[in-house]
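The data block below is query-v1.pdb; it holds PDB, C-alpha atoms.
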```
ATOM      1  CA  MET A 963     100.897  82.964 127.817  1.00  0.00           C
ATOM      2  CA  PRO A 964     101.886  86.520 127.061  1.00  0.00           C
ATOM      3  CA  LYS A 965      99.742  88.906 125.034  1.00  0.00           C
ATOM      4  CA  VAL A 966     101.656  89.596 121.800  1.00  0.00           C
ATOM      5  CA  VAL A 967     101.091  92.192 119.077  1.00  0.00           C
ATOM      6  CA  SER A 968     102.947  91.958 115.770  1.00  0.00           C
ATOM      7  CA  ASN A 969     103.888  94.250 112.946  1.00  0.00           C
ATOM      8  CA  SER A 970     103.997  92.855 109.414  1.00  0.00           C
ATOM      9  CA  SER A 971     107.754  92.314 109.015  1.00  0.00           C
ATOM     10  CA  PRO A 972     108.098  89.421 111.503  1.00  0.00           C
ATOM     11  CA  LEU A 973     105.053  87.660 110.045  1.00  0.00           C
ATOM     12  CA  ILE A 974     106.142  88.102 106.435  1.00  0.00           C
ATOM     13  CA  HIS A 975     109.765  87.118 106.926  1.00  0.00           C
ATOM     14  CA  LEU A 976     109.088  84.140 109.177  1.00  0.00           C
ATOM     15  CA  SER A 977     106.515  82.968 106.646  1.00  0.00           C
ATOM     16  CA  LYS A 978     108.996  83.351 103.779  1.00  0.00           C
ATOM     17  CA  ILE A 979     111.408  80.951 105.504  1.00  0.00           C
ATOM     18  CA  ASP A 980     108.629  78.542 106.550  1.00  0.00           C
ATOM     19  CA  LEU A 981     108.945  79.418 110.240  1.00  0.00           C
ATOM     20  CA  LEU A 982     105.643  81.187 110.874  1.00  0.00           C
ATOM     21  CA  PRO A 983     104.396  78.193 112.947  1.00  0.00           C
ATOM     22  CA  ILE A 984     107.196  78.838 115.465  1.00  0.00           C
ATOM     23  CA  LEU A 985     105.175  81.838 116.663  1.00  0.00           C
ATOM     24  CA  ASP A 986     102.289  79.520 117.480  1.00  0.00           C
ATOM     25  CA  GLU A 987     104.672  77.343 119.478  1.00  0.00           C
ATOM     26  CA  LEU A 988     105.998  80.318 121.424  1.00  0.00           C
ATOM     27  CA  PHE A 989     102.703  82.200 121.912  1.00  0.00           C
ATOM     28  CA  ASP A 990      99.052  81.160 122.026  1.00  0.00           C
ATOM     29  CA  GLU A 991      97.897  84.047 119.903  1.00  0.00           C
ATOM     30  CA  ILE A 992      99.286  86.949 117.925  1.00  0.00           C
ATOM     31  CA  ILE A 993      97.191  90.104 117.673  1.00  0.00           C
ATOM     32  CA  VAL A 994      97.585  92.355 114.639  1.00  0.00           C
ATOM     33  CA  PRO A 995      95.977  95.671 113.791  1.00  0.00           C
ATOM     34  CA  GLU A 996      93.997  96.072 110.586  1.00  0.00           C
ATOM     35  CA  ALA A 997      96.835  97.906 108.785  1.00  0.00           C
ATOM     36  CA  VAL A 998      99.201  94.996 109.415  1.00  0.00           C
ATOM     37  CA  TYR A 999      96.678  92.468 108.103  1.00  0.00           C
ATOM     38  CA  GLU A1000      96.172  94.687 105.053  1.00  0.00           C
ATOM     39  CA  GLU A1001      99.913  94.848 104.425  1.00  0.00           C
ATOM     40  CA  CYS A1002     100.556  91.141 104.996  1.00  0.00           C
ATOM     41  CA  VAL A1003      97.543  89.560 103.329  1.00  0.00           C
ATOM     42  CA  VAL A1004      95.647  91.982 101.095  1.00  0.00           C
ATOM     43  CA  GLN A1005      98.688  93.724  99.595  1.00  0.00           C
ATOM     44  CA  GLY A1006     100.530  90.396  99.617  1.00  0.00           C
ATOM     45  CA  GLY A1007      98.108  89.122  96.998  1.00  0.00           C
ATOM     46  CA  ASP A1008      98.757  85.550  95.957  1.00  0.00           C
ATOM     47  CA  ARG A1009     102.296  85.303  97.336  1.00  0.00           C
ATOM     48  CA  ASP A1010     102.898  82.164  99.373  1.00  0.00           C
ATOM     49  CA  ASP A1011     103.750  84.113 102.530  1.00  0.00           C
ATOM     50  CA  ALA A1012     100.485  86.116 102.302  1.00  0.00           C
ATOM     51  CA  THR A1013      98.440  82.935 101.866  1.00  0.00           C
ATOM     52  CA  THR A1014     100.183  81.274 104.814  1.00  0.00           C
ATOM     53  CA  ILE A1015      99.510  84.261 107.075  1.00  0.00           C
ATOM     54  CA  GLU A1016      95.878  84.440 105.983  1.00  0.00           C
ATOM     55  CA  LYS A1017      95.281  80.749 106.778  1.00  0.00           C
ATOM     56  CA  THR A1018      96.530  80.834 110.363  1.00  0.00           C
ATOM     57  CA  ASP A1019      93.844  80.656 112.998  1.00  0.00           C
ATOM     58  CA  TRP A1020      96.008  81.996 115.818  1.00  0.00           C
ATOM     59  CA  ILE A1021      96.600  85.435 114.269  1.00  0.00           C
ATOM     60  CA  LYS A1022      93.734  87.674 115.383  1.00  0.00           C
ATOM     61  CA  ILE A1023      92.857  91.055 113.910  1.00  0.00           C
ATOM     62  CA  LYS A1024      91.902  93.815 116.324  1.00  0.00           C
ATOM     63  CA  SER A1025      90.918  97.409 115.628  1.00  0.00           C
ATOM     64  CA  ILE A1026      92.441 100.495 117.120  1.00  0.00           C
ATOM     65  CA  GLU A1027      89.861 102.072 119.426  1.00  0.00           C
ATOM     66  CA  LYS A1028      88.510 105.448 118.366  1.00  0.00           C
ATOM     67  CA  GLU A1029      90.003 107.240 121.342  1.00  0.00           C
ATOM     68  CA  ASN A1030      93.486 106.068 120.259  1.00  0.00           C
ATOM     69  CA  LEU A1031      93.349 107.341 116.661  1.00  0.00           C
ATOM     70  CA  HIS A1032      95.073 110.600 117.679  1.00  0.00           C
ATOM     71  CA  LEU A1033      98.020 108.547 118.935  1.00  0.00           C
ATOM     72  CA  LYS A1034      98.155 106.631 115.649  1.00  0.00           C
ATOM     73  CA  ARG A1035      98.262 109.927 113.720  1.00  0.00           C
ATOM     74  CA  ALA A1036     101.028 111.252 115.969  1.00  0.00           C
ATOM     75  CA  PHE A1037     103.127 108.116 115.436  1.00  0.00           C
ATOM     76  CA  LEU A1038     102.754 108.397 111.645  1.00  0.00           C
ATOM     77  CA  LYS A1039     105.286 111.237 111.756  1.00  0.00           C
ATOM     78  CA  ASP A1040     107.985 108.680 112.577  1.00  0.00           C
ATOM     79  CA  VAL A1041     106.815 105.274 111.312  1.00  0.00           C
ATOM     80  CA  ASP A1042     104.545 103.746 108.673  1.00  0.00           C
ATOM     81  CA  GLU A1043     100.874 102.933 109.189  1.00  0.00           C
ATOM     82  CA  GLY A1044     101.347  99.280 110.151  1.00  0.00           C
ATOM     83  CA  GLU A1045     104.037 100.087 112.683  1.00  0.00           C
ATOM     84  CA  SER A1046     101.981 102.958 114.075  1.00  0.00           C
ATOM     85  CA  GLU A1047      98.896 100.780 114.507  1.00  0.00           C
ATOM     86  CA  ALA A1048     100.925  97.924 115.993  1.00  0.00           C
ATOM     87  CA  ILE A1049     102.451 100.193 118.631  1.00  0.00           C
ATOM     88  CA  VAL A1050      99.084 101.794 119.442  1.00  0.00           C
ATOM     89  CA  LEU A1051      97.455  98.351 119.664  1.00  0.00           C
ATOM     90  CA  ALA A1052     100.211  97.089 121.968  1.00  0.00           C
ATOM     91  CA  LEU A1053      99.605 100.068 124.256  1.00  0.00           C
ATOM     92  CA  GLN A1054      95.821  99.716 123.997  1.00  0.00           C
ATOM     93  CA  GLU A1055      95.939  96.000 124.856  1.00  0.00           C
ATOM     94  CA  SER A1056      98.675  96.320 127.502  1.00  0.00           C
ATOM     95  CA  ALA A1057     100.617  93.761 125.478  1.00  0.00           C
ATOM     96  CA  ASP A1058     103.435  91.877 127.103  1.00  0.00           C
ATOM     97  CA  LEU A1059     105.450  91.925 123.869  1.00  0.00           C
ATOM     98  CA  ILE A1060     105.471  93.593 120.466  1.00  0.00           C
ATOM     99  CA  LEU A1061     107.161  92.065 117.416  1.00  0.00           C
ATOM    100  CA  LEU A1062     108.961  94.783 115.447  1.00  0.00           C
ATOM    101  CA  ASP A1063     112.055  94.764 113.256  1.00  0.00           C
ATOM    102  CA  GLU A1064     112.465  98.320 111.973  1.00  0.00           C
ATOM    103  CA  TYR A1065     114.770 100.577 113.987  1.00  0.00           C
ATOM    104  CA  ASP A1066     112.526 103.677 114.147  1.00  0.00           C
ATOM    105  CA  ALA A1067     109.523 101.623 115.213  1.00  0.00           C
ATOM    106  CA  ARG A1068     111.554  99.863 117.890  1.00  0.00           C
ATOM    107  CA  GLU A1069     112.777 103.203 119.246  1.00  0.00           C
ATOM    108  CA  LEU A1070     109.225 104.568 119.361  1.00  0.00           C
ATOM    109  CA  ALA A1071     108.016 101.431 121.146  1.00  0.00           C
ATOM    110  CA  ARG A1072     110.897 101.657 123.639  1.00  0.00           C
ATOM    111  CA  ASN A1073     109.944 105.276 124.346  1.00  0.00           C
ATOM    112  CA  HIS A1074     106.530 103.946 125.391  1.00  0.00           C
ATOM    113  CA  ASP A1075     108.000 101.220 127.619  1.00  0.00           C
ATOM    114  CA  LEU A1076     106.974  98.305 125.411  1.00  0.00           C
ATOM    115  CA  ASN A1077     108.888  95.023 125.440  1.00  0.00           C
ATOM    116  CA  ILE A1078     110.177  94.326 121.946  1.00  0.00           C
ATOM    117  CA  THR A1079     111.587  91.485 119.941  1.00  0.00           C
ATOM    118  CA  GLY A1080     111.825  90.792 116.236  1.00  0.00           C
ATOM    119  CA  VAL A1081     112.626  88.001 113.842  1.00  0.00           C
ATOM    120  CA  ILE A1082     116.178  87.554 115.158  1.00  0.00           C
ATOM    121  CA  GLY A1083     114.938  87.467 118.748  1.00  0.00           C
ATOM    122  CA  ILE A1084     112.330  84.879 117.789  1.00  0.00           C
ATOM    123  CA  LEU A1085     115.020  82.672 116.195  1.00  0.00           C
ATOM    124  CA  LEU A1086     117.219  82.942 119.279  1.00  0.00           C
ATOM    125  CA  GLU A1087     114.321  82.264 121.672  1.00  0.00           C
ATOM    126  CA  ALA A1088     113.074  79.282 119.679  1.00  0.00           C
ATOM    127  CA  LYS A1089     116.585  77.835 119.557  1.00  0.00           C
ATOM    128  CA  SER A1090     117.175  78.371 123.281  1.00  0.00           C
ATOM    129  CA  LEU A1091     113.889  76.576 124.065  1.00  0.00           C
ATOM    130  CA  GLY A1092     114.820  73.629 121.839  1.00  0.00           C
ATOM    131  CA  LYS A1093     111.996  74.353 119.383  1.00  0.00           C
ATOM    132  CA  LEU A1094     114.267  75.003 116.435  1.00  0.00           C
ATOM    133  CA  GLU A1095     116.901  72.889 114.782  1.00  0.00           C
ATOM    134  CA  ASN A1096     119.324  74.219 112.182  1.00  0.00           C
ATOM    135  CA  ALA A1097     118.817  77.780 113.380  1.00  0.00           C
ATOM    136  CA  LYS A1098     121.888  78.945 111.482  1.00  0.00           C
ATOM    137  CA  ASN A1099     120.340  77.677 108.241  1.00  0.00           C
ATOM    138  CA  HIS A1100     117.200  79.654 109.063  1.00  0.00           C
ATOM    139  CA  LEU A1101     119.317  82.742 109.723  1.00  0.00           C
ATOM    140  CA  GLU A1102     120.983  82.316 106.342  1.00  0.00           C
ATOM    141  CA  ASN A1103     117.607  81.741 104.628  1.00  0.00           C
ATOM    142  CA  LEU A1104     116.305  84.858 106.314  1.00  0.00           C
ATOM    143  CA  SER A1105     119.049  87.033 104.909  1.00  0.00           C
ATOM    144  CA  GLU A1106     118.513  85.479 101.467  1.00  0.00           C
ATOM    145  CA  SER A1107     114.739  86.121 101.635  1.00  0.00           C
ATOM    146  CA  GLY A1108     115.101  89.891 101.597  1.00  0.00           C
ATOM    147  CA  PHE A1109     115.357  90.468 105.351  1.00  0.00           C
ATOM    148  CA  TRP A1110     118.099  93.035 105.852  1.00  0.00           C
ATOM    149  CA  ILE A1111     120.571  92.246 108.587  1.00  0.00           C
ATOM    150  CA  ASP A1112     123.774  94.126 109.258  1.00  0.00           C
ATOM    151  CA  ASP A1113     126.952  92.046 108.737  1.00  0.00           C
ATOM    152  CA  GLU A1114     128.095  92.666 112.302  1.00  0.00           C
ATOM    153  CA  LEU A1115     124.736  91.613 113.762  1.00  0.00           C
ATOM    154  CA  TYR A1116     124.639  88.564 111.488  1.00  0.00           C
ATOM    155  CA  LYS A1117     128.027  87.429 112.823  1.00  0.00           C
ATOM    156  CA  LYS A1118     127.008  88.098 116.429  1.00  0.00           C
ATOM    157  CA  VAL A1119     123.767  86.118 116.066  1.00  0.00           C
ATOM    158  CA  SER A1120     125.538  83.334 114.190  1.00  0.00           C
ATOM    159  CA  ASP A1121     128.098  83.078 117.020  1.00  0.00           C
ATOM    160  CA  GLN A1122     125.294  82.966 119.620  1.00  0.00           C
ATOM    161  CA  LEU A1123     123.602  80.174 117.705  1.00  0.00           C
ATOM    162  CA  ASP A1124     126.911  78.261 117.545  1.00  0.00           C
ATOM    163  CA  LYS A1125     127.143  78.436 121.339  1.00  0.00           C
ATOM    164  CA  MET A1126     123.636  76.947 121.641  1.00  0.00           C
ATOM    165  CA  GLU A1127     124.499  73.891 119.543  1.00  0.00           C
TER     166      GLU A1127
END
```

Please rewrite the model in this file as structure tokens.
Amino acid sequence: MPKVVSNSSPLIHLSKIDLLPILDELFDEIIVPEAVYEECVVQGGDRDDATTIEKTDWIKIKSIEKENLHLKRAFLKDVDEGESEAIVLALQESADLILLDEYDARELARNHDLNITGVIGILLEAKSLGKLENAKNHLENLSESGFWIDDELYKKVSDQLDKME
């Protein structure tokens, strides 16, 4: 199974639509840096999505190594702390995949030759592998849960999901 690092957005939004377990079906383990755990669980307080993330046993927290802190600081010019730590951790761990949704973070990760997917990619992959029914409903729930998706991308993804039915 591939080594996967995640930022907070995919975990939070998949949890909000009750699809966090799909990550466990697709990957053995998800590694998150401390800043992502802080954002998802500690700052999430008693929200249902924070509790769900906290209770998973396949999300592992890993620290950024001291020698990589300069890289984290450099990345903070372009992205937030969780994104910065996630990208540094993916590089540090030679991750096969990083889960990111935000445009600037994805661009930074691409500039460092990381393989990237996000919530939409997870939905499409799960559907293509037959692990997800009613994917269009999940896409709709996702947009209603506060996940921003461009109208054009929404239509494109919806059409792709139609073709998989």

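Applied to the shown file, the PyMOL selection byres ((chain A and resi 1071-1079) around 9) selects the residues Ile1049, Ala1052, Leu1053, Ser1056, Ala1057, Asp1058, Leu1059, Ile1060, Leu1061, Leu1062, Asp1063, Asp1066, Ala1067, Arg1068, Glu1069, Leu1070, Gly1080, Val1081, Ile1082, Gly1083 and Ile1084 of chain A.
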
Each range 1039-1068 of chain A residue no farther than 12 Å from range 1024-1030 of chain A, nearest pair in Å, all atoms listed in the file, as a tab-separated table:
```
residue	atom	partner	partner_atom	distance
A:Glu1043	CA	A:Ile1026	CA	11.8
A:Gly1044	CA	A:Ile1026	CA	11.4
A:Ser1046	CA	A:Ile1026	CA	10.3
A:Glu1047	CA	A:Ile1026	CA	7.0
A:Ala1048	CA	A:Ile1026	CA	8.9
A:Ile1049	CA	A:Ile1026	CA	10.1
A:Val1050	CA	A:Asn1030	CA	7.1
A:Leu1051	CA	A:Ile1026	CA	6.0
A:Ala1052	CA	A:Ile1026	CA	9.8
A:Leu1053	CA	A:Asn1030	CA	9.5
A:Gln1054	CA	A:Ile1026	CA	7.7
A:Glu1055	CA	A:Ile1026	CA	9.6
```

Checklist line | Residues within 12 Å of range 1117-1125 of chain A, all atoms listed in the file, excluding chain neighbours under 2 positions, as a list of chain:residue names | finding: A:Val1081, A:Ile1082, A:Gly1083, A:Ile1084, A:Leu1085, A:Leu1086, A:Glu1087, A:Ala1088, A:Lys1089, A:Ser1090, A:Gly1092, A:Leu1094, A:Glu1095, A:Asn1096, A:Ala1097, A:Lys1098, A:Asn1099, A:His1100, A:Leu1101, A:Glu1102, A:Ser1105, A:Ile1111, A:Asp1112, A:Asp1113, A:Glu1114, A:Leu1115, A:Glu1127

Check: Nearest to Ile979 in chain A: which of A:Leu1104, A:Met1126, A:Thr1013, A:Pro995 is it, counting only C-alpha atoms?
Finding: A:Leu1104

Check: How many Å lie between CA of Ile984 in chain A and CA of Val967 in chain A, rounded to one decimal?
Finding: 15.1 Å

Item checked: Spatial neighbours of Ser970 in chain A, 8 Å, only C-alpha atoms, chain gap at least 5 places, as a list in words -> Val998, Tyr999, Glu1001, Cys1002, Gly1044 and Glu1045 of chain A

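Rounded to one decimal, CA of Ile1023 in chain A and CA of Trp1110 in chain A lie 26.6 Å from each other.
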